[in-house]
Number of protein chains: 4
Amino acid sequence: MCTASNYITDDHYFGRNFDYEISYNERVTVTPRNYVFKFRKIDDIKNHYAMIGIAAGIDGYPLYYDACNEKGLAIAGLNFAGNAVYRQFEEGMVNITPFELIPYLLGKAASVAEARELLAEINLVDINFADELPLSPLHWMLSDGRDAIVVEPMADGLKIYDNPVGVMTNNPPFDKQLFYLNNYRGLSNRNPENSFGVDLEEYSRGMGAIGLPGDLSSASRFAKVAFTRANSYSDSDEASSVSQFFHILGSVEQQNGCTFIDEPDLYEYTIYTSLINYLLINEEQFNFIN
Amino acid sequence: MCTASNYITDDHYFGRNFDYEISYNERVTVTPRNYVFKFRKIDDIKNHYAMIGIAAGIDGYPLYYDACNEKGLAIAGLNFAGNAVYRQFEEGMVNITPFELIPYLLGKAASVAEARELLAEINLVDINFADELPLSPLHWMLSDGRDAIVVEPMADGLKIYDNPVGVMTNNPPFDKQLFYLNNYRGLSNRNPENSFGVDLEEYSRGMGAIGLPGDLSSASRFAKVAFTRANSYSDSDEASSVSQFFHILGSVEQQNGCTFIDEPDLYEYTIYTSLINYLLINEEQFNFIN
Amino acid sequence: MCTASNYITDDHYFGRNFDYEISYNERVTVTPRNYVFKFRKIDDIKNHYAMIGIAAGIDGYPLYYDACNEKGLAIAGLNFAGNAVYRQFEEGMVNITPFELIPYLLGKAASVAEARELLAEINLVDINFADELPLSPLHWMLSDGRDAIVVEPMADGLKIYDNPVGVMTNNPPFDKQLFYLNNYRGLSNRNPENSFGVDLEEYSRGMGAIGLPGDLSSASRFAKVAFTRANSYSDSDEASSVSQFFHILGSVEQQNGCTFIDEPDLYEYTIYTSLINYLLINEEQFNFIN
Amino acid sequence: MCTASNYITDDHYFGRNFDYEISYNERVTVTPRNYVFKFRKIDDIKNHYAMIGIAAGIDGYPLYYDACNEKGLAIAGLNFAGNAVYRQFEEGMVNITPFELIPYLLGKAASVAEARELLAEINLVDINFADELPLSPLHWMLSDGRDAIVVEPMADGLKIYDNPVGVMTNNPPFDKQLFYLNNYRGLSNRNPENSFGVDLEEYSRGMGAIGLPGDLSSASRFAKVAFTRANSYSDSDEASSVSQFFHILGSVEQQNGCTFIDEPDLYEYTIYTSLINYLLINEEQFNFIN
């Protein structure tokens, strides 16, 4: 489905693979500070942090898949089918639809810590963008270079998890994903000592990670990308970091043909890989409507 | 299909699981020293080492599946479908049928070393025991407490391999089995250090062998039983050794229901587990016909 | 650590492997109907269902590891280190210590359904049996031939799960164990069709379950025993069922030497395998003190 | 270490990942038809097919890692440490050094079939390019769009294998690699039917290939890239084929940091990925020295 990751060297890099069988003509979309965000159940927001990211622009509204604001807070929404539960309108809460969450959080929060405070008030209401556009079941990863969290709207409430591994895929819920990673704790980027009990040969480099899964299911991608990111090595300058980041997400790329979907009889594959580093963003960009 | 193993403590233990969908009423069969073994292409052998083992006794001829002689040389024949090739009669060789190999070797050899010399002269001829009893495709493991070898009649000749792991199953040929074991060289009976790159939990004992296969295919049984035998711990006395030996072979037991065979619509399962220790054999037994 | 399973043919069989590095001289222990059970925080129970099981008998008190009562309700307590949380005394609840849970439930409940009602009132209080005998962190599996449940005392409350697979091991908590099983949904007791995309050989029977783990960690034992039980085939008579049951638990036996424990420098292994079928219990046994 | 692959749509694409810890400044190198190739033990070749590929150019001699000639025959040499055996000069054979093999074959053969005939006469002699440049242990994959073969200089002779999967990595020898692939025959790009025996959930797309390895050892890369290539889907035009080819090899890319080499204390990673399609080659290029 999808994979998100951050990467922290001298700077903070964030992005995702968007894996799906259909493209909705997503493209890089900038929202300047004074673009008026309309919300379904709360007042319009007329001034907010500027943001840049990938969005399907429908009816002039940027439906962000992943984005970063001018303060360096980044977020990505990924498929969470079968687990995401949205709710009825609830008095006393900040009632935000799932498709409004990215604009709301990036518009108001300068950091993960601030987003966390906003999230404590949020009720994700079950309101479609349009009749023909039902809500996607989603969960979100937020990252700012200091902190990273995962936000999951579960049947028993909105869960917020610290994300110590800096990656997220899809099902199962994040606490399960993180737990299953324990099975791989003995894997390493070094060849293992022979501890089997009989004399065995070291016939290849890279044998220390034997057991790491290579299929494209969400739990396997989680393990693979977590290992790749955790062992990643690059220089810390911009060019090296950007290059390495695409290699990290490349490790769980979905090649066309490898994941067949009965309905609608298509292959899911990696449609785009995004990378956002807010320092790359031109200050003027964020004011261009002014 | 089957698994053979030896186990060496103060003494030499040898045996096998016989995994199949049909039993041929195999039973413990003793052949005393002066039982006349008739052979198809060589002279009768009237005096030989006595032997004990599991055999299907048909027409008064002990068709041994596995056996040990009074000198402590043990042997087991296991299924080797698709790889075993038997040959035309060849002048100048000792032409032995596959079903005669165990009587021939155990009758004449006091050790693996002696059996190896005999094997250098042997041509395994393609002659059925009876029209209704076609030859099984087989390979053999021999063991005497000092040495262990595997004998495989391949298309390009009779291969003899040292067996450093003391176990044998079925396909693929032994050199491939042994090579694939290299993939498991990092497995251990101790919990692994965390080397993944992020903080991960040791949530169970026994995590050092994660990656060891648990299905019942021949290559997976090979890895599982090799690990179990290599890490086996027991006291060295008779009772402890015998008990532990059955646990070693128990680790790759085929439970009824877990391996379905289309033809003949039956389950393959472990029909018997044998253990032979020649010291257990009563001297008188070997002479009882005298 | 341990594995519990039920097995249902014409009758209900229940038991467990007890895997540990030290034996406390556990033995078969019968508690007749009028043996007075003393409890720490509730009144003595003078009349109750009779029960039989494996217990360490200390100071005349049967510390049951697993047992079955005369109505056919069976239960086993297994290690749940790092997850089990016991609580302070709570007014208005039935305050039971973990070591009293088996006598309490088996003494009063004739079925899983009745035990479930009792559990709704129970608070597992953090009281040792004795100063030198700290509480084990435990979770429990109950089974009666109709229903099976798992009871887990977690930090956020006493969890009760339906158990559709009829097995339990140790960590992680049961919902995670059950979820992880999804990764193995394509495994089968039949050889797989070739769907890889190139021509590949079926070189062994049993290849349909390749991917099933064979190490002895708790999550791997869970998958292995769940597969073995789910595919188990036996006649439904007593002798066949009993035999097959021991093979099911034998599939996850811990062979001595394969699990090394740094502290106290010993191997964990399967110390006993129990099987309880209440129909086997002699009616008189349950009254023998009378 | 390295991975080679071909990809056949309307045309024939061939290339490789070069994985190593040090770059020797490899670059695209064209050898025109009349460049005089000097050989150590045979006469100079003054006229030959033109070729293009990646080479380390040392002393004016193109040390090709992988290349394609004007007839569409492509070849790549990959590390084969511990298995490659080169030989003494042998009278009556065409004595070619390993570093001369690519120029010799591509210079004279228009197809895999023709190369196969040449190989029947070749003896790979153990002669260094220079004292400070010892021979690499190599094996080669050849491909022309109709046929693909693997050439391995083993202790018991120069082995030539048909390559039905169109990929090659490093150890073990190709027959073992191919055999081991059988373990993955049940993997698929479709989600599996539930055949485990209990009700289990399909929680992600891509679960049909669970069991495919994701580490970077040579046998795991072989399985991963073979699956990716076998299931690959793209349009057959040039742009689509080229794009897809890089995704195929991208599936086994070695990310920097994931494979640590003790000696010389560096990481091995994918230094380059090449793709050769001879139709891309400008005819004039091949004559530019003329």
# chains A, B, ... in the order shown; residues from 1 in each chain; ligands from 1

$ closest_atom_pairs --of "chain D" --to "chain B" --cutoff "9 Å" --atoms "only C-alpha atoms" --output "JSON lines"
{"residue": "D:Pro172", "atom": "CA", "partner": "B:Phe179", "partner_atom": "CA", "distance": 8.3}
{"residue": "D:Lys176", "atom": "CA", "partner": "B:Lys176", "partner_atom": "CA", "distance": 6.6}
{"residue": "D:Phe179", "atom": "CA", "partner": "B:Pro172", "partner_atom": "CA", "distance": 8.3}
{"residue": "D:Tyr180", "atom": "CA", "partner": "B:Tyr180", "partner_atom": "CA", "distance": 8.2}
{"residue": "D:Asn183", "atom": "CA", "partner": "B:Ala219", "partner_atom": "CA", "distance": 8.9}
{"residue": "D:Ala219", "atom": "CA", "partner": "B:Asn183", "partner_atom": "CA", "distance": 8.9}

$ calpha_fit_and_write --fixed "chain A" --moving "chain B" --output "compact mmCIF listing (two decimals) with C-alpha atoms, in the first residue's frame"
# COMPACT_ATOMS: atom_id res chain seq x y z
CA MET B 1 0.00 -0.02 0.00
CA CYS B 2 2.39 2.71 1.19
CA THR B 3 5.48 3.34 3.24
CA ALA B 4 6.50 6.53 5.07
CA SER B 5 9.89 7.29 6.57
CA ASN B 6 11.90 10.10 7.98
CA TYR B 7 15.69 10.38 7.80
CA ILE B 8 17.73 12.64 10.03
CA THR B 9 21.26 13.69 9.24
CA ASP B 10 22.23 17.36 9.51
CA ASP B 11 18.66 18.04 8.55
CA HIS B 12 15.24 16.40 8.63
CA TYR B 13 14.01 14.53 5.57
CA PHE B 14 10.56 13.04 5.29
CA GLY B 15 8.58 11.33 2.58
CA ARG B 16 6.74 8.27 1.45
CA ASN B 17 6.08 5.76 -1.25
CA PHE B 18 2.56 6.02 -2.59
CA ASP B 19 1.60 2.50 -3.65
CA TYR B 20 -1.69 2.03 -5.39
CA GLU B 21 -3.29 0.72 -8.54
CA ILE B 22 -4.70 4.07 -9.70
CA SER B 23 -3.20 7.53 -9.81
CA TYR B 24 -5.38 10.54 -9.09
CA ASN B 25 -2.97 12.91 -10.76
CA GLU B 26 -1.31 13.78 -7.52
CA ARG B 27 1.12 16.65 -7.77
CA VAL B 28 3.29 18.94 -5.76
CA THR B 29 1.01 21.48 -4.20
CA VAL B 30 1.92 24.59 -2.24
CA THR B 31 -0.57 26.27 0.06
CA PRO B 32 0.50 29.80 0.95
CA ARG B 33 -0.08 31.33 4.36
CA ASN B 34 -3.20 33.20 3.49
CA TYR B 35 -5.06 30.64 1.44
CA VAL B 36 -8.41 30.29 3.20
CA PHE B 37 -8.96 26.72 4.38
CA LYS B 38 -12.64 25.93 4.71
CA PHE B 39 -13.62 23.25 7.21
CA ARG B 40 -16.88 21.36 7.52
CA LYS B 41 -17.48 21.72 11.22
CA ILE B 42 -15.17 24.47 12.40
CA ASP B 43 -14.55 28.02 11.30
CA ASP B 44 -12.45 28.83 8.27
CA ILE B 45 -8.76 29.32 8.89
CA LYS B 46 -7.51 32.36 7.03
CA ASN B 47 -3.98 32.58 8.30
CA HIS B 48 -1.81 29.55 8.89
CA TYR B 49 1.59 28.15 8.28
CA ALA B 50 2.37 27.67 4.64
CA MET B 51 2.78 24.09 3.49
CA ILE B 52 4.04 22.07 0.56
CA GLY B 53 3.34 18.48 -0.32
CA ILE B 54 1.67 16.05 -2.67
CA ALA B 55 -2.04 16.50 -3.15
CA ALA B 56 -4.87 15.57 -5.43
CA GLY B 57 -6.38 18.96 -6.11
CA ILE B 58 -10.13 18.57 -6.47
CA ASP B 59 -12.50 21.55 -6.62
CA GLY B 60 -9.67 23.83 -5.61
CA TYR B 61 -9.15 22.01 -2.32
CA PRO B 62 -5.72 20.45 -1.73
CA LEU B 63 -6.33 16.87 -0.62
CA TYR B 64 -2.85 16.32 0.81
CA TYR B 65 -1.40 12.83 0.92
CA ASP B 66 1.75 14.07 2.60
CA ALA B 67 3.09 17.52 3.32
CA CYS B 68 5.43 19.65 5.38
CA ASN B 69 4.89 23.14 6.76
CA GLU B 70 7.27 26.08 6.93
CA LYS B 71 8.21 25.13 10.51
CA GLY B 72 9.42 21.71 9.47
CA LEU B 73 6.50 19.63 10.72
CA ALA B 74 5.82 16.86 8.21
CA ILE B 75 2.95 14.42 7.96
CA ALA B 76 1.81 11.59 5.71
CA GLY B 77 -1.54 9.80 5.59
CA LEU B 78 -1.40 6.10 4.70
CA ASN B 79 -3.99 3.44 4.07
CA PHE B 80 -5.30 1.75 7.20
CA ALA B 81 -8.10 -0.39 5.80
CA GLY B 82 -10.13 -2.43 8.22
CA ASN B 83 -8.83 -0.58 11.25
CA ALA B 84 -9.59 3.13 10.79
CA VAL B 85 -12.82 4.16 12.49
CA TYR B 86 -14.23 7.67 12.11
CA ARG B 87 -16.89 9.01 14.45
CA GLN B 88 -20.07 10.96 14.87
CA PHE B 89 -19.94 14.68 15.49
CA GLU B 90 -19.12 15.26 19.13
CA GLU B 91 -19.96 18.46 20.97
CA GLY B 92 -17.02 19.98 22.83
CA MET B 93 -14.42 18.47 20.53
CA VAL B 94 -12.68 19.98 17.52
CA ASN B 95 -14.54 18.07 14.82
CA ILE B 96 -12.23 17.61 11.86
CA THR B 97 -12.81 15.36 8.88
CA PRO B 98 -9.98 12.98 7.99
CA PHE B 99 -9.27 14.91 4.77
CA GLU B 100 -8.96 18.13 6.77
CA LEU B 101 -6.48 16.74 9.29
CA ILE B 102 -3.31 17.57 7.36
CA PRO B 103 -4.29 21.20 6.64
CA TYR B 104 -5.46 21.63 10.22
CA LEU B 105 -2.37 20.25 11.90
CA LEU B 106 0.20 21.73 9.52
CA GLY B 107 -1.65 25.03 9.53
CA LYS B 108 -1.47 25.42 13.28
CA ALA B 109 1.35 23.30 14.71
CA ALA B 110 5.04 24.14 14.50
CA SER B 111 6.15 20.79 15.89
CA VAL B 112 5.08 17.28 16.77
CA ALA B 113 4.68 18.41 20.37
CA GLU B 114 2.24 21.12 19.32
CA ALA B 115 0.40 18.73 17.02
CA ARG B 116 0.04 16.31 19.91
CA GLU B 117 -1.75 19.02 21.91
CA LEU B 118 -4.11 19.71 19.04
CA LEU B 119 -4.81 16.01 18.60
CA ALA B 120 -5.98 15.73 22.20
CA GLU B 121 -8.97 17.92 21.22
CA ILE B 122 -9.71 16.42 17.82
CA ASN B 123 -12.63 14.20 16.92
CA LEU B 124 -12.27 12.73 13.42
CA VAL B 125 -15.80 12.99 12.02
CA ASP B 126 -17.11 10.65 9.40
CA ILE B 127 -17.90 13.19 6.65
CA ASN B 128 -17.06 12.55 3.01
CA PHE B 129 -15.30 15.12 0.86
CA ALA B 130 -18.01 14.48 -1.71
CA ASP B 131 -20.65 11.85 -2.33
CA GLU B 132 -18.57 10.23 -5.00
CA LEU B 133 -15.42 10.45 -2.87
CA PRO B 134 -15.81 8.31 0.24
CA LEU B 135 -13.31 8.67 3.06
CA SER B 136 -10.15 6.63 2.86
CA PRO B 137 -9.34 4.62 5.97
CA LEU B 138 -6.13 6.31 7.11
CA HIS B 139 -3.52 6.59 9.79
CA TRP B 140 -0.80 9.23 9.92
CA MET B 141 2.85 9.62 10.72
CA LEU B 142 4.13 13.00 11.93
CA SER B 143 7.78 13.94 12.19
CA ASP B 144 9.77 17.13 12.80
CA GLY B 145 13.35 15.95 13.24
CA ARG B 146 13.06 15.75 17.03
CA ASP B 147 9.97 13.64 17.49
CA ALA B 148 7.96 11.23 15.42
CA ILE B 149 4.52 9.89 16.23
CA VAL B 150 1.84 7.72 14.68
CA VAL B 151 -1.85 8.64 14.91
CA GLU B 152 -4.40 5.84 14.51
CA PRO B 153 -8.19 6.29 14.70
CA MET B 154 -9.20 2.94 16.20
CA ALA B 155 -12.56 1.61 17.34
CA ASP B 156 -11.59 2.35 20.94
CA GLY B 157 -10.26 5.84 20.34
CA LEU B 158 -7.62 7.95 18.66
CA LYS B 159 -4.29 6.31 19.49
CA ILE B 160 -1.05 8.24 19.49
CA TYR B 161 2.19 6.27 19.56
CA ASP B 162 5.78 7.42 19.76
CA ASN B 163 7.57 6.18 16.69
CA PRO B 164 11.09 5.12 17.63
CA VAL B 165 11.84 3.52 14.28
CA GLY B 166 10.91 6.44 12.03
CA VAL B 167 8.87 4.41 9.55
CA MET B 168 5.24 3.46 9.03
CA THR B 169 3.42 1.25 6.56
CA ASN B 170 -0.19 0.01 6.83
CA ASN B 171 -1.81 -2.81 8.81
CA PRO B 172 -1.58 -4.03 11.45
CA PRO B 173 -1.87 -1.18 13.98
CA PHE B 174 1.41 0.39 14.96
CA ASP B 175 1.79 -1.29 18.34
CA LYS B 176 1.58 -4.68 16.63
CA GLN B 177 4.00 -3.63 13.88
CA LEU B 178 6.49 -2.48 16.46
CA PHE B 179 6.12 -5.64 18.50
CA TYR B 180 6.69 -7.99 15.58
CA LEU B 181 9.93 -6.19 14.87
CA ASN B 182 11.26 -7.88 18.02
CA ASN B 183 11.48 -11.10 16.02
CA TYR B 184 14.25 -9.50 13.97
CA ARG B 185 16.35 -8.17 16.83
CA GLY B 186 19.23 -10.52 16.02
CA LEU B 187 19.54 -9.30 12.43
CA SER B 188 22.58 -7.24 11.59
CA ASN B 189 24.46 -5.59 8.77
CA ARG B 190 27.45 -7.76 9.69
CA ASN B 191 27.86 -11.43 8.91
CA PRO B 192 26.93 -13.56 11.90
CA GLU B 193 29.28 -15.64 13.96
CA ASN B 194 28.69 -19.34 13.45
CA SER B 195 26.65 -20.41 16.47
CA PHE B 196 24.64 -23.28 14.96
CA GLY B 197 26.72 -26.00 16.52
CA VAL B 198 28.38 -27.41 13.40
CA ASP B 199 30.93 -25.94 11.04
CA LEU B 200 29.15 -23.77 8.48
CA GLU B 201 30.40 -21.55 5.72
CA GLU B 202 30.11 -17.79 5.25
CA TYR B 203 29.41 -17.94 1.54
CA SER B 204 28.16 -14.41 0.98
CA ARG B 205 28.28 -10.95 2.38
CA GLY B 206 25.04 -9.73 3.88
CA MET B 207 24.19 -12.99 5.66
CA GLY B 208 23.59 -11.16 8.94
CA ALA B 209 20.14 -10.07 7.85
CA ILE B 210 18.92 -13.47 6.65
CA GLY B 211 15.36 -13.69 7.89
CA LEU B 212 14.45 -10.15 6.86
CA PRO B 213 11.31 -10.42 4.72
CA GLY B 214 11.29 -9.32 1.08
CA ASP B 215 7.65 -9.58 0.09
CA LEU B 216 5.53 -6.49 -0.30
CA SER B 217 2.89 -7.04 2.40
CA SER B 218 2.65 -4.20 4.89
CA ALA B 219 4.23 -6.00 7.84
CA SER B 220 7.14 -7.20 5.71
CA ARG B 221 7.75 -3.75 4.27
CA PHE B 222 7.75 -2.38 7.81
CA ALA B 223 10.54 -4.74 8.88
CA LYS B 224 12.56 -4.24 5.69
CA VAL B 225 12.42 -0.44 5.68
CA ALA B 226 13.00 -0.23 9.44
CA PHE B 227 16.17 -2.30 9.03
CA THR B 228 17.33 -0.29 6.02
CA ARG B 229 16.72 3.03 7.77
CA ALA B 230 18.28 1.90 11.05
CA ASN B 231 21.45 0.76 9.31
CA SER B 232 21.54 3.51 6.73
CA TYR B 233 24.83 5.23 6.17
CA SER B 234 25.40 8.41 4.22
CA ASP B 235 27.23 11.68 4.44
CA SER B 236 25.14 14.29 6.16
CA ASP B 237 25.10 16.93 3.45
CA GLU B 238 22.00 17.70 1.45
CA ALA B 239 22.82 15.76 -1.71
CA SER B 240 23.94 12.65 0.14
CA SER B 241 20.95 12.71 2.48
CA VAL B 242 18.46 13.14 -0.32
CA SER B 243 20.07 10.35 -2.32
CA GLN B 244 20.14 8.00 0.65
CA PHE B 245 16.54 8.79 1.55
CA PHE B 246 15.34 7.61 -1.85
CA HIS B 247 17.37 4.42 -1.41
CA ILE B 248 15.68 3.81 1.97
CA LEU B 249 12.21 4.05 0.44
CA GLY B 250 13.47 2.23 -2.64
CA SER B 251 14.10 -0.81 -0.44
CA VAL B 252 10.34 -1.31 -0.16
CA GLU B 253 9.31 -0.08 -3.56
CA GLN B 254 6.46 -2.05 -5.10
CA GLN B 255 7.51 -3.14 -8.58
CA ASN B 256 4.73 -3.20 -11.14
CA GLY B 257 3.44 -6.75 -11.53
CA CYS B 258 4.37 -8.04 -8.10
CA THR B 259 1.06 -7.24 -6.37
CA PHE B 260 -2.05 -8.19 -8.23
CA ILE B 261 -5.42 -6.81 -7.13
CA ASP B 262 -8.45 -8.89 -8.14
CA GLU B 263 -10.68 -5.90 -7.88
CA PRO B 264 -10.21 -3.91 -10.10
CA ASP B 265 -7.93 -6.36 -11.93
CA LEU B 266 -4.86 -4.14 -11.76
CA TYR B 267 -1.41 -4.16 -10.23
CA GLU B 268 -0.57 -2.03 -7.26
CA TYR B 269 2.81 -0.37 -7.61
CA THR B 270 4.76 2.60 -6.32
CA ILE B 271 3.25 5.54 -8.15
CA TYR B 272 5.43 8.18 -6.55
CA THR B 273 8.09 8.60 -3.90
CA SER B 274 8.10 11.99 -2.22
CA LEU B 275 10.76 13.71 -0.18
CA ILE B 276 10.19 16.91 1.72
CA ASN B 277 12.84 19.00 3.39
CA TYR B 278 11.39 22.32 4.44
CA LEU B 279 14.74 24.02 4.12
CA LEU B 280 14.41 23.43 0.42
CA ILE B 281 11.31 25.52 0.33
CA ASN B 282 11.70 29.03 -0.87
CA GLU B 283 10.31 31.54 1.58
CA GLU B 284 8.75 33.46 -1.26
CA GLN B 285 6.84 30.40 -2.36
CA PHE B 286 4.84 30.49 0.78
CA ASN B 287 3.70 34.00 0.12
CA PHE B 288 3.13 33.92 -3.59
CA ILE B 289 -0.54 34.72 -3.42
CA ASN B 290 0.12 37.75 -1.27

$ select_by_dssp --residues "range 180-251 of chain A" --states "helix (DSSP H, G or I)" --output "PyMOL selection string"
chain A and resi 180-184+207-209+218-230+238-250

$ select_by_dssp --residues "range 38-245 of chain B" --states "strand (DSSP E or B)" --output "ChimeraX atom specification"
/B:45,51-58,61-69,74-79,87,94-96,122-125,130,133,138-143,148-154,157-162,167-168,213
